[in-house]
Amino acid sequence: MRAVARAAWIGGALLLAAAAGGAAGGEGMDAGRLREAMVREQIEARGVRDPRVLAALRAVPRERFVPPAVRAEAYDDAPLPIGEGQTISQPYIVAVMTELLRPEPGDRVLEVGTGSGYQAAVLARLVARVYSIELVPSLAGRAREVLAELGVSNVEVFVGDGYRGLPALAPFDAILLTAAPPEVPPALVEQLALGGRLVAPIGTGEQELRVLERTAAGIVSETLFPVRFVPMIRGEGDAPARPVAPADD
Ligand code: SAH
């Protein structure tokens with residue numbers, strides 16, 4: 001797995017260097033350097049401290065998760081379009097939400113909103129297993145493809161409505177939403193293990209980042225700061241989420 005990831009990383013770096021070559025004037029701009037600068041200037045400088053989270057962000061080739069047209073901007077301090085009207089979150093937000101989950105090596109984590117698969121790839125380096133649900137089949141298919149190319153083998157991508165979660169695989173040690181529902185979906189709270197944490201943007205229009213924890217005494221909820229995510233859309237019908245298939249690519 002390590003060899004595959006390394007080969008992919010070199011491929012990504014070369015690709016980015018080629019794309020940025022003209023503008024950079026041969027200053028040796030490459031993905032590894034851009035990624036290091038991203039972690040230092042956008043993430044560490046703003047207070048994210050968990051060394052495991054920082055190491056994961058240093059390791060995942062973000063440029064592989066964005067469309068070729070915006071690849072040169074992969075390490076910018078901003079969200080980027082990934083197709084289907086969706087976005088990959090700003091690196092800092094990915095870092096903060098990942099740190100708030102307090103990921104442990106043995107954890108099983110549910111992500112709602114696979115999008116590009118980048119957040120799932122970051123989590124995959126920190127926990128035992130990631131289950132990620134995406135409503136849009138083509139995005140789920142593409143994310144699965146990129147994850148496979150990078151040799152990430154502990155992420156399972158599902159197509160379906162994240163409002164329902166994955167009851168058959170619950171409970172989860174952590175649940176992360178990367179699309180904003182108007183309220184915390186009750187089914188997801190039910191799927192949270194004792195001691196587990198759910199991190200989510202909540203609200204319509206004005207959204208805030210919320211952290212819920214299931215303690216022995218019940219659910220404890222904390223509201224952090226305003227955020228802006230794409231809305232979490234209600235899926236049609238009531239079929240449970242299904243594993244992504246080649247036809248979804
Ligand atoms: N985590 C992603 C960013 C996701 S953007 C990344 O790292 O790239 C939010 C994603 O949530 C979009 O891809 C959108 O299609 C998806 N989404 C919206 N409503 C959803 C729902 N009900 N269930 C699952 N996914 C949903």
# chains A, B, ... in the order shown; residues from 1 in each chain; ligands from 1
$ closest_atom_pairs --of "chain A" --to "ligand 1" --cutoff "9 Å" --atoms "only C-alpha atoms and all ligand atoms" --output "JSON lines"
{"residue": "A:Phe65", "atom": "CA", "partner": "ligand 1", "partner_atom_place_in_ligand_line": "8 (O)", "distance": 7.3}
{"residue": "A:Val66", "atom": "CA", "partner": "ligand 1", "partner_atom_place_in_ligand_line": "8 (O)", "distance": 8.3}
{"residue": "A:Leu80", "atom": "CA", "partner": "ligand 1", "partner_atom_place_in_ligand_line": "8 (O)", "distance": 8.9}
{"residue": "A:Ile82", "atom": "CA", "partner": "ligand 1", "partner_atom_place_in_ligand_line": "8 (O)", "distance": 7.5}
{"residue": "A:Gly83", "atom": "CA", "partner": "ligand 1", "partner_atom_place_in_ligand_line": "13 (O)", "distance": 8.7}
{"residue": "A:Glu84", "atom": "CA", "partner": "ligand 1", "partner_atom_place_in_ligand_line": "15 (O)", "distance": 7.5}
{"residue": "A:Gly85", "atom": "CA", "partner": "ligand 1", "partner_atom_place_in_ligand_line": "15 (O)", "distance": 8.1}
{"residue": "A:Gln86", "atom": "CA", "partner": "ligand 1", "partner_atom_place_in_ligand_line": "12 (C)", "distance": 5.2}
{"residue": "A:Thr87", "atom": "CA", "partner": "ligand 1", "partner_atom_place_in_ligand_line": "5 (S)", "distance": 4.9}
{"residue": "A:Ile88", "atom": "CA", "partner": "ligand 1", "partner_atom_place_in_ligand_line": "8 (O)", "distance": 3.7}
{"residue": "A:Ser89", "atom": "CA", "partner": "ligand 1", "partner_atom_place_in_ligand_line": "3 (C)", "distance": 5.4}
{"residue": "A:Val94", "atom": "CA", "partner": "ligand 1", "partner_atom_place_in_ligand_line": "7 (O)", "distance": 7.5}
{"residue": "A:Glu111", "atom": "CA", "partner": "ligand 1", "partner_atom_place_in_ligand_line": "1 (N)", "distance": 7.6}
{"residue": "A:Val112", "atom": "CA", "partner": "ligand 1", "partner_atom_place_in_ligand_line": "24 (C)", "distance": 5.2}
{"residue": "A:Gly113", "atom": "CA", "partner": "ligand 1", "partner_atom_place_in_ligand_line": "11 (O)", "distance": 3.2}
{"residue": "A:Thr114", "atom": "CA", "partner": "ligand 1", "partner_atom_place_in_ligand_line": "1 (N)", "distance": 4.7}
{"residue": "A:Gly115", "atom": "CA", "partner": "ligand 1", "partner_atom_place_in_ligand_line": "13 (O)", "distance": 3.3}
{"residue": "A:Ser116", "atom": "CA", "partner": "ligand 1", "partner_atom_place_in_ligand_line": "8 (O)", "distance": 3.7}
{"residue": "A:Gly117", "atom": "CA", "partner": "ligand 1", "partner_atom_place_in_ligand_line": "7 (O)", "distance": 4.9}
{"residue": "A:Tyr118", "atom": "CA", "partner": "ligand 1", "partner_atom_place_in_ligand_line": "7 (O)", "distance": 4.0}
{"residue": "A:Gln119", "atom": "CA", "partner": "ligand 1", "partner_atom_place_in_ligand_line": "7 (O)", "distance": 3.8}
{"residue": "A:Ala120", "atom": "CA", "partner": "ligand 1", "partner_atom_place_in_ligand_line": "7 (O)", "distance": 6.4}
{"residue": "A:Ala121", "atom": "CA", "partner": "ligand 1", "partner_atom_place_in_ligand_line": "7 (O)", "distance": 8.1}
{"residue": "A:Val122", "atom": "CA", "partner": "ligand 1", "partner_atom_place_in_ligand_line": "7 (O)", "distance": 8.6}
{"residue": "A:Ser132", "atom": "CA", "partner": "ligand 1", "partner_atom_place_in_ligand_line": "24 (C)", "distance": 8.4}
{"residue": "A:Ile133", "atom": "CA", "partner": "ligand 1", "partner_atom_place_in_ligand_line": "24 (C)", "distance": 5.1}
{"residue": "A:Glu134", "atom": "CA", "partner": "ligand 1", "partner_atom_place_in_ligand_line": "25 (N)", "distance": 3.8}
{"residue": "A:Leu135", "atom": "CA", "partner": "ligand 1", "partner_atom_place_in_ligand_line": "24 (C)", "distance": 4.1}
{"residue": "A:Val136", "atom": "CA", "partner": "ligand 1", "partner_atom_place_in_ligand_line": "15 (O)", "distance": 5.2}
{"residue": "A:Pro137", "atom": "CA", "partner": "ligand 1", "partner_atom_place_in_ligand_line": "15 (O)", "distance": 8.7}
{"residue": "A:Leu139", "atom": "CA", "partner": "ligand 1", "partner_atom_place_in_ligand_line": "13 (O)", "distance": 6.5}
{"residue": "A:Ala140", "atom": "CA", "partner": "ligand 1", "partner_atom_place_in_ligand_line": "13 (O)", "distance": 8.0}
{"residue": "A:Ala143", "atom": "CA", "partner": "ligand 1", "partner_atom_place_in_ligand_line": "8 (O)", "distance": 8.5}
{"residue": "A:Phe158", "atom": "CA", "partner": "ligand 1", "partner_atom_place_in_ligand_line": "24 (C)", "distance": 8.8}
{"residue": "A:Val159", "atom": "CA", "partner": "ligand 1", "partner_atom_place_in_ligand_line": "24 (C)", "distance": 7.5}
{"residue": "A:Gly160", "atom": "CA", "partner": "ligand 1", "partner_atom_place_in_ligand_line": "23 (N)", "distance": 6.0}
{"residue": "A:Asp161", "atom": "CA", "partner": "ligand 1", "partner_atom_place_in_ligand_line": "23 (N)", "distance": 4.0}
{"residue": "A:Gly162", "atom": "CA", "partner": "ligand 1", "partner_atom_place_in_ligand_line": "23 (N)", "distance": 3.4}
{"residue": "A:Tyr163", "atom": "CA", "partner": "ligand 1", "partner_atom_place_in_ligand_line": "22 (N)", "distance": 5.4}
{"residue": "A:Arg164", "atom": "CA", "partner": "ligand 1", "partner_atom_place_in_ligand_line": "22 (N)", "distance": 8.2}
{"residue": "A:Gly165", "atom": "CA", "partner": "ligand 1", "partner_atom_place_in_ligand_line": "23 (N)", "distance": 8.3}
{"residue": "A:Leu176", "atom": "CA", "partner": "ligand 1", "partner_atom_place_in_ligand_line": "1 (N)", "distance": 8.8}
{"residue": "A:Leu177", "atom": "CA", "partner": "ligand 1", "partner_atom_place_in_ligand_line": "1 (N)", "distance": 7.8}
{"residue": "A:Thr178", "atom": "CA", "partner": "ligand 1", "partner_atom_place_in_ligand_line": "1 (N)", "distance": 5.1}
{"residue": "A:Ala179", "atom": "CA", "partner": "ligand 1", "partner_atom_place_in_ligand_line": "9 (C)", "distance": 4.4}
{"residue": "A:Ala180", "atom": "CA", "partner": "ligand 1", "partner_atom_place_in_ligand_line": "19 (N)", "distance": 7.8}
{"residue": "A:Pro181", "atom": "CA", "partner": "ligand 1", "partner_atom_place_in_ligand_line": "19 (N)", "distance": 8.1}
{"residue": "A:Phe229", "atom": "CA", "partner": "ligand 1", "partner_atom_place_in_ligand_line": "5 (S)", "distance": 7.1}
{"residue": "A:Val230", "atom": "CA", "partner": "ligand 1", "partner_atom_place_in_ligand_line": "9 (C)", "distance": 5.9}
{"residue": "A:Pro231", "atom": "CA", "partner": "ligand 1", "partner_atom_place_in_ligand_line": "18 (C)", "distance": 6.2}
{"residue": "A:Met232", "atom": "CA", "partner": "ligand 1", "partner_atom_place_in_ligand_line": "19 (N)", "distance": 3.5}
{"residue": "A:Ile233", "atom": "CA", "partner": "ligand 1", "partner_atom_place_in_ligand_line": "19 (N)", "distance": 3.9}
{"residue": "A:Arg234", "atom": "CA", "partner": "ligand 1", "partner_atom_place_in_ligand_line": "22 (N)", "distance": 4.9}
{"residue": "A:Gly235", "atom": "CA", "partner": "ligand 1", "partner_atom_place_in_ligand_line": "22 (N)", "distance": 5.5}
$ select_by_dssp --residues "stretch 26-202 of chain A" --states "strand (DSSP E or B)" --output "PyMOL selection string"
chain A and resi 80-83+86-88+108-112+129-134+155-159+172-177+180+192-202
$ closest_residue --among "A:Ala128, A:Leu150, A:Val199, A:Val109" --to "A:Met97" --atoms "only C-alpha atoms"
A:Val199
$ select_by_dssp --residues "stretch 2-249 of chain A" --states "alpha helix (DSSP H)" --output "NGL selection string"
:A and (2-24 or 31-37 or 51-59 or 91-100 or 118-124 or 137-149 or 186-190)
$ atom_distance --atom1 "atom CA of A:Thr98" --atom2 "atom CA of A:Glu206"
21.6 Å
